[in-house]
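Reviewing the structure listed below.
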Amino acid sequence: MVSDHIQPLGSLLPMAGENSSDEPTIDPAKKDYIEGRKFFGNGDYTQAALAFHNALKGFEEQGNEQGVANAADRLGDTCLARDEYAMAIANYQRAGAICEKEDDSFSQLALNKKMAVAYRKLGDREKALELLYDMLEHYRLTQNPKGAVEILIVVAELYHEMGDTARSADAYRSVASIHGRFKHARLAEEFNQRAAAVEQKP
């Protein structure tokens, strides 16, 4: 559901510049950030966490809020990959506060997706659902049926995990209805069948 490769405010150097020898003036915080992305991409989450933590501290000292948001987001991704869900949420929330201040709703949406994953992993399904319904509202306002379908499927799964088969079936039927409006007959039928199957289970 959630991408591990998001830069909320997009202010930092791209990874393409990480091995460039013609950038001797790159500041230490950006260097740590770029190294963190490299470690993360290689699956070395311990080194990635250290690098992103150092980047975060460096950006804090500079008063670079966009840098803080990016580093906190990436540190959250690293914590998520290490199954440190509470720490992931704390970092995503920090990045989200900056995105909210910048009125960056699309970055906030991406962070909410990742926080919902973390809350679900922690077993806090109510908090995950709260975020998911916020995302549904965003997709309604931006008229994004594809995004709404993706979120409704997760909502259905969560309600099923909670034993609420009625709401799970309702969410699947909402997915079927969206597909029906776009003449996706096969998909509409598939999700209607999922709804029926959920209701039949004890």
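Ligands are numbered from 1 in the order shown, chains are lettered A, B, ... in the order of the structure tokens, and residues start at 1 in each chain.
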Pick out the residues sitting within 10 Å of A:Glu157, and hand them over as a PyMOL selection string; count only C-alpha atoms, and ignore anything fewer than 2 positions along from it in its own chain.
-> chain A and resi 151-155+159-165+167-169+171-172+198
Export C-alpha atoms of the chosen residues as an mmCIF file, in the first residue's frame?
```cif
data_model
loop_
_atom_site.group_PDB
_atom_site.id
_atom_site.type_symbol
_atom_site.label_atom_id
_atom_site.label_comp_id
_atom_site.auth_asym_id
_atom_site.auth_seq_id
_atom_site.Cartn_x
_atom_site.Cartn_y
_atom_site.Cartn_z
ATOM 1 C CA ILE A 151 -7.976 2.522 0.767
ATOM 2 C CA LEU A 152 -11.401 0.853 0.891
ATOM 3 C CA ILE A 153 -9.794 -2.554 0.341
ATOM 4 C CA VAL A 154 -7.546 -1.973 3.360
ATOM 5 C CA VAL A 155 -10.563 -0.747 5.367
ATOM 6 C CA TYR A 159 -12.803 -4.606 9.694
ATOM 7 C CA HIS A 160 -12.533 -8.298 8.829
ATOM 8 C CA GLU A 161 -9.556 -8.626 11.197
ATOM 9 C CA MET A 162 -11.674 -6.949 13.882
ATOM 10 C CA GLY A 163 -14.518 -9.413 13.323
ATOM 11 C CA ASP A 164 -16.861 -6.727 11.958
ATOM 12 C CA THR A 165 -18.060 -8.637 8.909
ATOM 13 C CA ARG A 167 -18.617 -3.209 7.770
ATOM 14 C CA SER A 168 -16.036 -5.290 5.939
ATOM 15 C CA ALA A 169 -18.692 -6.362 3.433
ATOM 16 C CA ALA A 171 -16.402 -1.605 2.237
ATOM 17 C CA TYR A 172 -16.019 -4.337 -0.395
ATOM 18 C CA VAL A 198 -17.086 -12.219 4.257
#
```
Tell me which protein, DNA and RNA residues are within 7 Å of A:Arg37, counting only C-alpha atoms, leaving out same-chain ones fewer than 4 positions away, and put them as a list of chain:residue names.
->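 After dropping sequence-adjacent residues, the list is A:Tyr33, A:Gly41, A:Ala48.
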Pick out the residues sitting within 9 Å of A:Ala90, and hand them over as a PyMOL selection string; count only C-alpha atoms, and ignore anything fewer than 5 positions along from it in its own chain.
-> chain A and resi 72+76+85+95
Those residues you just picked out, can you put them in a file as a compact mmCIF listing (two decimals), in the first residue's frame with C-alpha atoms?
```txt
# COMPACT_ATOMS: atom_id res chain seq x y z
CA ALA A 72 12.36 12.23 9.64
CA GLY A 76 10.48 6.50 9.77
CA TYR A 85 6.61 0.69 14.55
CA ALA A 95 7.54 15.05 9.19
```
Using atom CA of A:Asp134 and atom CA of A:Ala185 as the two end points, give the distance in Å to one decimal.
-> 28.1 Å
Can you pull out the residues contacting A:Tyr133? Cut-off 12 Å, using only C-alpha atoms, and skip same-chain residues under 3 positions away; I want them as a PDB file with C-alpha atoms, in the first residue's frame.
```pdb
ATOM      1  CA  LEU A 109      -1.359  11.716   2.581  1.00  0.00           C
ATOM      2  CA  ASN A 112      -0.614   8.879   6.654  1.00  0.00           C
ATOM      3  CA  LYS A 113      -0.484   5.757   4.484  1.00  0.00           C
ATOM      4  CA  ALA A 116      -1.637   3.435   8.961  1.00  0.00           C
ATOM      5  CA  GLU A 126      -8.866   1.971  15.369  1.00  0.00           C
ATOM      6  CA  LYS A 127      -6.088   4.501  14.824  1.00  0.00           C
ATOM      7  CA  ALA A 128      -5.290   2.936  11.457  1.00  0.00           C
ATOM      8  CA  LEU A 129      -8.937   3.260  10.449  1.00  0.00           C
ATOM      9  CA  GLU A 130      -9.011   6.904  11.537  1.00  0.00           C
ATOM     10  CA  LEU A 136     -10.723   8.498   1.825  1.00  0.00           C
ATOM     11  CA  GLU A 137     -11.925  12.052   2.349  1.00  0.00           C
ATOM     12  CA  HIS A 138      -8.830  13.373   0.569  1.00  0.00           C
ATOM     13  CA  TYR A 139      -9.495  11.083  -2.391  1.00  0.00           C
ATOM     14  CA  ARG A 140     -13.155  12.149  -2.434  1.00  0.00           C
ATOM     15  CA  GLY A 147      -6.959   5.934  -4.503  1.00  0.00           C
ATOM     16  CA  ALA A 148     -10.354   5.447  -2.867  1.00  0.00           C
ATOM     17  CA  GLU A 150      -7.021   1.101  -2.625  1.00  0.00           C
ATOM     18  CA  ILE A 151      -7.976   2.522   0.767  1.00  0.00           C
ATOM     19  CA  LEU A 152     -11.401   0.853   0.891  1.00  0.00           C
ATOM     20  CA  ILE A 153      -9.794  -2.554   0.341  1.00  0.00           C
ATOM     21  CA  VAL A 154      -7.546  -1.973   3.360  1.00  0.00           C
ATOM     22  CA  VAL A 155     -10.563  -0.747   5.367  1.00  0.00           C
ATOM     23  CA  ALA A 156     -12.405  -3.960   4.466  1.00  0.00           C
ATOM     24  CA  ALA A 171     -16.402  -1.605   2.237  1.00  0.00           C
TER      25      ALA A 171
END
```
Which residue out of A:Arg194, A:Lys57, A:Lys31, A:His179 has the minimum interatomic distance to A:Lys146 when only C-alpha atoms are used?
->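 Smallest separation from A:Lys146 among the options: A:His179.
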Test item, alpha helix (DSSP H) assignment across chain A, answer as a short mmCIF file (atom, residue, chain, number, x, y, z; two decimals) with N, CA and C atoms, in the first residue's frame:
```cif
data_model
loop_
_atom_site.label_atom_id
_atom_site.label_comp_id
_atom_site.auth_asym_id
_atom_site.auth_seq_id
_atom_site.Cartn_x
_atom_site.Cartn_y
_atom_site.Cartn_z
N PRO A 28 27.39 18.50 5.47
CA PRO A 28 27.39 17.18 6.11
C PRO A 28 26.01 16.56 6.28
N ALA A 29 25.00 17.39 6.55
CA ALA A 29 23.65 16.85 6.74
C ALA A 29 23.14 16.21 5.46
N LYS A 30 23.33 16.89 4.34
CA LYS A 30 22.89 16.33 3.06
C LYS A 30 23.70 15.08 2.71
N LYS A 31 24.98 15.12 3.05
CA LYS A 31 25.83 13.95 2.80
C LYS A 31 25.33 12.75 3.60
N ASP A 32 25.01 12.97 4.88
CA ASP A 32 24.47 11.89 5.70
C ASP A 32 23.15 11.37 5.13
N TYR A 33 22.33 12.31 4.67
CA TYR A 33 21.02 11.93 4.11
C TYR A 33 21.21 11.04 2.88
N ILE A 34 22.08 11.46 1.98
CA ILE A 34 22.33 10.71 0.75
C ILE A 34 22.92 9.33 1.07
N GLU A 35 23.84 9.29 2.04
CA GLU A 35 24.41 8.01 2.44
C GLU A 35 23.33 7.11 3.05
N GLY A 36 22.42 7.72 3.80
CA GLY A 36 21.32 6.95 4.39
C GLY A 36 20.45 6.32 3.33
N ARG A 37 20.16 7.06 2.27
CA ARG A 37 19.36 6.51 1.17
C ARG A 37 20.08 5.34 0.51
N LYS A 38 21.40 5.47 0.38
CA LYS A 38 22.17 4.39 -0.23
C LYS A 38 22.12 3.14 0.65
N PHE A 39 22.36 3.33 1.97
CA PHE A 39 22.29 2.20 2.90
C PHE A 39 20.91 1.56 2.88
N PHE A 40 19.87 2.41 2.88
CA PHE A 40 18.49 1.90 2.89
C PHE A 40 18.24 1.06 1.63
N GLY A 41 18.66 1.59 0.48
CA GLY A 41 18.47 0.88 -0.78
C GLY A 41 19.18 -0.46 -0.81
N TYR A 45 19.77 -1.47 7.16
CA TYR A 45 18.91 -0.56 7.89
C TYR A 45 19.57 0.02 9.14
N THR A 46 20.52 -0.70 9.72
CA THR A 46 21.21 -0.18 10.89
C THR A 46 22.03 1.06 10.51
N GLN A 47 22.81 0.94 9.44
CA GLN A 47 23.61 2.08 8.98
C GLN A 47 22.71 3.19 8.44
N ALA A 48 21.61 2.81 7.80
CA ALA A 48 20.68 3.82 7.28
C ALA A 48 20.10 4.64 8.43
N ALA A 49 19.71 3.95 9.50
CA ALA A 49 19.13 4.65 10.66
C ALA A 49 20.12 5.63 11.25
N LEU A 50 21.37 5.22 11.36
CA LEU A 50 22.41 6.10 11.91
C LEU A 50 22.61 7.32 11.01
N ALA A 51 22.68 7.08 9.70
CA ALA A 51 22.90 8.18 8.76
C ALA A 51 21.72 9.16 8.78
N PHE A 52 20.50 8.65 8.75
CA PHE A 52 19.33 9.54 8.76
C PHE A 52 19.22 10.29 10.08
N HIS A 53 19.59 9.63 11.19
CA HIS A 53 19.57 10.30 12.49
C HIS A 53 20.57 11.47 12.48
N ASN A 54 21.76 11.23 11.96
CA ASN A 54 22.78 12.29 11.89
C ASN A 54 22.31 13.42 10.97
N ALA A 55 21.68 13.04 9.84
CA ALA A 55 21.15 14.05 8.93
C ALA A 55 20.09 14.90 9.62
N LEU A 56 19.22 14.23 10.36
CA LEU A 56 18.15 14.93 11.08
C LEU A 56 18.73 15.96 12.05
N LYS A 57 19.74 15.53 12.81
CA LYS A 57 20.37 16.45 13.76
C LYS A 57 21.03 17.62 13.03
N GLY A 58 21.68 17.32 11.90
CA GLY A 58 22.32 18.38 11.13
C GLY A 58 21.33 19.38 10.59
N PHE A 59 20.22 18.90 10.06
CA PHE A 59 19.19 19.81 9.53
C PHE A 59 18.55 20.63 10.65
N GLU A 60 18.40 20.01 11.83
CA GLU A 60 17.87 20.76 12.98
C GLU A 60 18.79 21.93 13.32
N GLU A 61 20.07 21.67 13.35
CA GLU A 61 21.03 22.71 13.68
C GLU A 61 21.02 23.85 12.66
N GLN A 62 20.74 23.49 11.39
CA GLN A 62 20.69 24.50 10.33
C GLN A 62 19.36 25.26 10.32
N GLU A 65 13.84 23.17 7.88
CA GLU A 65 12.66 22.37 8.16
C GLU A 65 12.37 21.34 7.08
N GLN A 66 12.59 21.70 5.83
CA GLN A 66 12.37 20.74 4.75
C GLN A 66 13.33 19.56 4.88
N GLY A 67 14.56 19.86 5.25
CA GLY A 67 15.52 18.79 5.49
C GLY A 67 15.10 17.91 6.65
N VAL A 68 14.61 18.53 7.72
CA VAL A 68 14.12 17.77 8.88
C VAL A 68 12.98 16.85 8.46
N ALA A 69 12.04 17.39 7.66
CA ALA A 69 10.90 16.58 7.22
C ALA A 69 11.37 15.38 6.40
N ASN A 70 12.28 15.61 5.47
CA ASN A 70 12.79 14.53 4.64
C ASN A 70 13.51 13.48 5.47
N ALA A 71 14.39 13.93 6.37
CA ALA A 71 15.17 12.99 7.18
C ALA A 71 14.26 12.22 8.14
N ALA A 72 13.29 12.91 8.73
CA ALA A 72 12.36 12.23 9.64
C ALA A 72 11.54 11.18 8.90
N ASP A 73 11.11 11.53 7.69
CA ASP A 73 10.35 10.58 6.88
C ASP A 73 11.18 9.33 6.58
N ARG A 74 12.42 9.56 6.14
CA ARG A 74 13.30 8.42 5.81
C ARG A 74 13.66 7.61 7.05
N LEU A 75 13.84 8.29 8.18
CA LEU A 75 14.11 7.57 9.42
C LEU A 75 12.89 6.72 9.79
N GLY A 76 11.71 7.28 9.55
CA GLY A 76 10.48 6.50 9.77
C GLY A 76 10.44 5.26 8.89
N ASP A 77 10.82 5.41 7.62
CA ASP A 77 10.85 4.25 6.71
C ASP A 77 11.80 3.18 7.23
N THR A 78 12.94 3.64 7.75
CA THR A 78 13.94 2.70 8.25
C THR A 78 13.44 1.98 9.49
N CYS A 79 12.79 2.73 10.40
CA CYS A 79 12.21 2.10 11.59
C CYS A 79 11.13 1.09 11.19
N LEU A 80 10.33 1.44 10.19
CA LEU A 80 9.28 0.53 9.72
C LEU A 80 9.90 -0.77 9.19
N ALA A 81 10.99 -0.62 8.43
CA ALA A 81 11.67 -1.80 7.88
C ALA A 81 12.27 -2.66 8.99
N TYR A 85 7.78 -0.03 15.05
CA TYR A 85 6.61 0.69 14.55
C TYR A 85 6.32 1.98 15.31
N ALA A 86 6.46 1.97 16.64
CA ALA A 86 6.19 3.18 17.41
C ALA A 86 7.18 4.29 17.04
N MET A 87 8.44 3.93 16.86
CA MET A 87 9.44 4.92 16.46
C MET A 87 9.16 5.44 15.05
N ALA A 88 8.71 4.54 14.18
CA ALA A 88 8.35 4.95 12.82
C ALA A 88 7.25 6.01 12.86
N ILE A 89 6.22 5.74 13.65
CA ILE A 89 5.09 6.67 13.76
C ILE A 89 5.56 8.03 14.28
N ALA A 90 6.42 8.03 15.29
CA ALA A 90 6.90 9.30 15.86
C ALA A 90 7.64 10.11 14.81
N ASN A 91 8.44 9.46 13.99
CA ASN A 91 9.17 10.18 12.93
C ASN A 91 8.22 10.66 11.84
N TYR A 92 7.27 9.84 11.45
CA TYR A 92 6.30 10.27 10.43
C TYR A 92 5.48 11.45 10.93
N GLN A 93 5.11 11.42 12.21
CA GLN A 93 4.34 12.53 12.78
C GLN A 93 5.14 13.83 12.75
N ARG A 94 6.44 13.71 13.02
CA ARG A 94 7.28 14.91 12.98
C ARG A 94 7.34 15.48 11.57
N ALA A 95 7.53 14.60 10.58
CA ALA A 95 7.54 15.05 9.19
C ALA A 95 6.18 15.62 8.81
N GLY A 96 5.12 14.96 9.29
CA GLY A 96 3.76 15.38 8.95
C GLY A 96 3.43 16.76 9.48
N ALA A 97 3.94 17.10 10.67
CA ALA A 97 3.68 18.42 11.25
C ALA A 97 4.26 19.52 10.36
N ILE A 98 5.42 19.24 9.77
CA ILE A 98 6.04 20.23 8.87
C ILE A 98 5.25 20.31 7.57
N CYS A 99 4.84 19.15 7.04
CA CYS A 99 4.04 19.14 5.81
C CYS A 99 2.73 19.89 6.01
N GLU A 100 2.13 19.72 7.19
CA GLU A 100 0.87 20.41 7.48
C GLU A 100 1.09 21.92 7.52
N LYS A 101 2.19 22.33 8.13
CA LYS A 101 2.50 23.76 8.20
C LYS A 101 2.73 24.34 6.80
N SER A 105 -0.67 18.76 1.36
CA SER A 105 -1.61 17.69 1.67
C SER A 105 -1.22 16.37 1.01
N PHE A 106 -0.56 16.42 -0.13
CA PHE A 106 -0.20 15.18 -0.81
C PHE A 106 0.93 14.45 -0.07
N SER A 107 1.87 15.19 0.46
CA SER A 107 2.91 14.56 1.27
C SER A 107 2.33 14.03 2.57
N GLN A 108 1.40 14.79 3.16
CA GLN A 108 0.74 14.33 4.38
C GLN A 108 -0.02 13.03 4.12
N LEU A 109 -0.65 12.94 2.96
CA LEU A 109 -1.36 11.72 2.58
C LEU A 109 -0.40 10.53 2.54
N ALA A 110 0.75 10.71 1.90
CA ALA A 110 1.72 9.63 1.80
C ALA A 110 2.22 9.20 3.18
N LEU A 111 2.44 10.17 4.07
CA LEU A 111 2.86 9.86 5.43
C LEU A 111 1.75 9.12 6.19
N ASN A 112 0.51 9.54 5.99
CA ASN A 112 -0.61 8.88 6.65
C ASN A 112 -0.73 7.42 6.22
N LYS A 113 -0.45 7.14 4.96
CA LYS A 113 -0.48 5.76 4.48
C LYS A 113 0.51 4.90 5.26
N LYS A 114 1.70 5.45 5.44
CA LYS A 114 2.74 4.69 6.13
C LYS A 114 2.42 4.56 7.63
N MET A 115 1.86 5.62 8.21
CA MET A 115 1.47 5.53 9.62
C MET A 115 0.36 4.50 9.81
N ALA A 116 -0.56 4.43 8.86
CA ALA A 116 -1.64 3.44 8.96
C ALA A 116 -1.07 2.02 8.96
N VAL A 117 -0.06 1.79 8.13
CA VAL A 117 0.61 0.48 8.12
C VAL A 117 1.21 0.20 9.49
N ALA A 118 1.90 1.19 10.06
CA ALA A 118 2.56 1.00 11.35
C ALA A 118 1.54 0.75 12.46
N TYR A 119 0.46 1.53 12.48
CA TYR A 119 -0.58 1.31 13.50
C TYR A 119 -1.20 -0.07 13.36
N ARG A 120 -1.41 -0.50 12.14
CA ARG A 120 -1.98 -1.83 11.92
C ARG A 120 -1.02 -2.91 12.44
N LYS A 121 0.27 -2.73 12.20
CA LYS A 121 1.27 -3.69 12.68
C LYS A 121 1.30 -3.71 14.21
N LEU A 122 1.05 -2.57 14.83
CA LEU A 122 1.03 -2.49 16.29
C LEU A 122 -0.27 -3.07 16.88
N ARG A 125 -5.85 -0.97 15.39
CA ARG A 125 -6.65 -0.88 14.15
C ARG A 125 -7.55 0.35 14.13
N GLU A 126 -8.01 0.79 15.32
CA GLU A 126 -8.87 1.97 15.37
C GLU A 126 -8.12 3.20 14.86
N LYS A 127 -6.87 3.35 15.28
CA LYS A 127 -6.09 4.50 14.82
C LYS A 127 -5.79 4.38 13.34
N ALA A 128 -5.52 3.15 12.89
CA ALA A 128 -5.29 2.94 11.46
C ALA A 128 -6.53 3.32 10.66
N LEU A 129 -7.69 2.92 11.14
CA LEU A 129 -8.94 3.26 10.45
C LEU A 129 -9.17 4.77 10.41
N GLU A 130 -8.85 5.44 11.49
CA GLU A 130 -9.01 6.90 11.54
C GLU A 130 -8.21 7.57 10.41
N LEU A 131 -6.97 7.12 10.25
CA LEU A 131 -6.13 7.66 9.18
C LEU A 131 -6.67 7.29 7.81
N LEU A 132 -7.13 6.05 7.68
CA LEU A 132 -7.65 5.58 6.39
C LEU A 132 -8.88 6.39 5.98
N TYR A 133 -9.74 6.71 6.94
CA TYR A 133 -10.93 7.51 6.59
C TYR A 133 -10.54 8.95 6.23
N ASP A 134 -9.50 9.47 6.86
CA ASP A 134 -8.98 10.79 6.44
C ASP A 134 -8.50 10.73 4.99
N MET A 135 -7.84 9.64 4.64
CA MET A 135 -7.35 9.48 3.27
C MET A 135 -8.51 9.34 2.29
N LEU A 136 -9.54 8.63 2.70
CA LEU A 136 -10.72 8.50 1.83
C LEU A 136 -11.33 9.86 1.52
N GLU A 137 -11.38 10.70 2.54
CA GLU A 137 -11.93 12.05 2.35
C GLU A 137 -11.05 12.84 1.37
N HIS A 138 -9.75 12.70 1.50
CA HIS A 138 -8.83 13.37 0.57
C HIS A 138 -9.12 12.91 -0.86
N TYR A 139 -9.25 11.60 -1.05
CA TYR A 139 -9.49 11.08 -2.39
C TYR A 139 -10.86 11.51 -2.92
N ARG A 140 -11.84 11.67 -2.01
CA ARG A 140 -13.15 12.15 -2.43
C ARG A 140 -13.05 13.58 -2.93
N LEU A 141 -12.33 14.41 -2.17
CA LEU A 141 -12.20 15.82 -2.53
C LEU A 141 -11.39 16.01 -3.81
N PRO A 145 -10.82 8.07 -7.78
CA PRO A 145 -11.44 6.77 -7.47
C PRO A 145 -10.44 5.64 -7.27
N LYS A 146 -9.31 5.69 -7.98
CA LYS A 146 -8.30 4.64 -7.83
C LYS A 146 -7.75 4.64 -6.40
N GLY A 147 -7.44 5.83 -5.88
CA GLY A 147 -6.96 5.93 -4.50
C GLY A 147 -8.01 5.47 -3.51
N ALA A 148 -9.27 5.85 -3.77
CA ALA A 148 -10.35 5.45 -2.87
C ALA A 148 -10.49 3.93 -2.82
N VAL A 149 -10.39 3.28 -3.97
CA VAL A 149 -10.49 1.82 -4.04
C VAL A 149 -9.38 1.17 -3.21
N GLU A 150 -8.15 1.67 -3.37
CA GLU A 150 -7.02 1.10 -2.62
C GLU A 150 -7.25 1.19 -1.12
N ILE A 151 -7.76 2.33 -0.67
CA ILE A 151 -7.98 2.52 0.77
C ILE A 151 -9.16 1.69 1.25
N LEU A 152 -10.23 1.63 0.48
CA LEU A 152 -11.40 0.85 0.89
C LEU A 152 -11.08 -0.63 1.04
N ILE A 153 -10.19 -1.14 0.22
CA ILE A 153 -9.79 -2.55 0.34
C ILE A 153 -9.10 -2.79 1.68
N VAL A 154 -8.23 -1.85 2.07
CA VAL A 154 -7.55 -1.97 3.36
C VAL A 154 -8.55 -1.83 4.50
N VAL A 155 -9.51 -0.91 4.36
CA VAL A 155 -10.56 -0.75 5.37
C VAL A 155 -11.33 -2.06 5.54
N ALA A 156 -11.67 -2.68 4.42
CA ALA A 156 -12.40 -3.96 4.47
C ALA A 156 -11.59 -5.03 5.19
N GLU A 157 -10.29 -5.08 4.89
CA GLU A 157 -9.42 -6.07 5.54
C GLU A 157 -9.35 -5.83 7.04
N LEU A 158 -9.23 -4.55 7.43
CA LEU A 158 -9.13 -4.23 8.85
C LEU A 158 -10.41 -4.59 9.60
N TYR A 159 -11.55 -4.24 9.04
CA TYR A 159 -12.80 -4.61 9.69
C TYR A 159 -12.94 -6.12 9.81
N HIS A 160 -12.48 -6.84 8.78
CA HIS A 160 -12.53 -8.30 8.83
C HIS A 160 -11.65 -8.82 9.96
N GLU A 161 -10.46 -8.24 10.11
CA GLU A 161 -9.56 -8.63 11.20
C GLU A 161 -10.19 -8.36 12.56
N THR A 165 -17.83 -8.17 10.28
CA THR A 165 -18.06 -8.64 8.91
C THR A 165 -19.01 -7.72 8.14
N ALA A 166 -19.95 -7.09 8.83
CA ALA A 166 -20.91 -6.22 8.15
C ALA A 166 -20.19 -5.01 7.53
N ARG A 167 -19.33 -4.38 8.30
CA ARG A 167 -18.62 -3.21 7.77
C ARG A 167 -17.57 -3.62 6.73
N SER A 168 -16.98 -4.78 6.93
CA SER A 168 -16.04 -5.29 5.94
C SER A 168 -16.75 -5.50 4.61
N ALA A 169 -17.92 -6.13 4.65
CA ALA A 169 -18.69 -6.36 3.43
C ALA A 169 -19.13 -5.05 2.80
N ASP A 170 -19.52 -4.08 3.62
CA ASP A 170 -19.92 -2.77 3.10
C ASP A 170 -18.77 -2.11 2.34
N ALA A 171 -17.56 -2.22 2.90
CA ALA A 171 -16.40 -1.60 2.24
C ALA A 171 -16.13 -2.29 0.90
N TYR A 172 -16.21 -3.62 0.87
CA TYR A 172 -16.02 -4.34 -0.40
C TYR A 172 -17.10 -3.96 -1.41
N ARG A 173 -18.33 -3.76 -0.95
CA ARG A 173 -19.40 -3.37 -1.87
C ARG A 173 -19.19 -1.95 -2.38
N SER A 174 -18.60 -1.09 -1.55
CA SER A 174 -18.27 0.26 -2.02
C SER A 174 -17.24 0.18 -3.15
N VAL A 175 -16.26 -0.72 -3.00
CA VAL A 175 -15.28 -0.93 -4.07
C VAL A 175 -15.98 -1.42 -5.33
N ALA A 176 -16.88 -2.39 -5.16
CA ALA A 176 -17.62 -2.93 -6.30
C ALA A 176 -18.43 -1.83 -7.00
N SER A 177 -19.02 -0.95 -6.20
CA SER A 177 -19.83 0.15 -6.75
C SER A 177 -18.98 1.10 -7.59
N ILE A 178 -17.78 1.41 -7.09
CA ILE A 178 -16.89 2.30 -7.85
C ILE A 178 -16.51 1.65 -9.17
N HIS A 179 -16.14 0.37 -9.12
CA HIS A 179 -15.80 -0.33 -10.37
C HIS A 179 -17.01 -0.37 -11.31
N GLY A 180 -18.20 -0.55 -10.74
CA GLY A 180 -19.41 -0.59 -11.56
C GLY A 180 -19.64 0.72 -12.29
N ARG A 181 -19.37 1.85 -11.62
CA ARG A 181 -19.57 3.16 -12.24
C ARG A 181 -18.64 3.35 -13.44
N ALA A 185 -16.97 -4.44 -15.08
CA ALA A 185 -17.94 -5.45 -14.63
C ALA A 185 -17.28 -6.61 -13.91
N ARG A 186 -16.13 -7.07 -14.41
CA ARG A 186 -15.48 -8.23 -13.79
C ARG A 186 -15.00 -7.89 -12.38
N LEU A 187 -14.39 -6.73 -12.23
CA LEU A 187 -13.90 -6.33 -10.91
C LEU A 187 -15.06 -6.05 -9.96
N ALA A 188 -16.12 -5.44 -10.46
CA ALA A 188 -17.29 -5.18 -9.62
C ALA A 188 -17.85 -6.50 -9.08
N GLU A 189 -17.93 -7.50 -9.95
CA GLU A 189 -18.45 -8.80 -9.52
C GLU A 189 -17.51 -9.46 -8.51
N GLU A 190 -16.21 -9.32 -8.75
CA GLU A 190 -15.23 -9.92 -7.85
C GLU A 190 -15.37 -9.37 -6.43
N PHE A 191 -15.56 -8.04 -6.30
CA PHE A 191 -15.66 -7.46 -4.97
C PHE A 191 -17.03 -7.69 -4.34
N ASN A 192 -18.07 -7.82 -5.15
CA ASN A 192 -19.36 -8.24 -4.61
C ASN A 192 -19.27 -9.66 -4.05
N GLN A 193 -18.51 -10.51 -4.72
CA GLN A 193 -18.31 -11.88 -4.23
C GLN A 193 -17.50 -11.89 -2.94
N ARG A 194 -16.51 -11.00 -2.86
CA ARG A 194 -15.73 -10.91 -1.62
C ARG A 194 -16.64 -10.50 -0.47
N ALA A 195 -17.53 -9.55 -0.73
CA ALA A 195 -18.46 -9.09 0.31
C ALA A 195 -19.35 -10.24 0.77
N ALA A 196 -19.86 -11.01 -0.17
CA ALA A 196 -20.72 -12.13 0.17
C ALA A 196 -19.95 -13.19 0.96
N ALA A 197 -18.72 -13.42 0.57
CA ALA A 197 -17.89 -14.43 1.26
C ALA A 197 -17.61 -14.02 2.70
N VAL A 198 -17.35 -12.72 2.90
CA VAL A 198 -17.09 -12.22 4.26
C VAL A 198 -18.33 -12.42 5.14
N GLU A 199 -19.51 -12.16 4.60
CA GLU A 199 -20.73 -12.27 5.38
C GLU A 199 -21.06 -13.71 5.73
N GLN A 200 -20.60 -14.64 4.89
CA GLN A 200 -20.92 -16.05 5.13
C GLN A 200 -20.03 -16.69 6.18
#
```
Å distance separating atom CA of A:Asn64 from atom CA of A:Asp83, one decimal place |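 Going from atom CA of A:Asn64 over to atom CA of A:Asp83 covers 28.2 Å.
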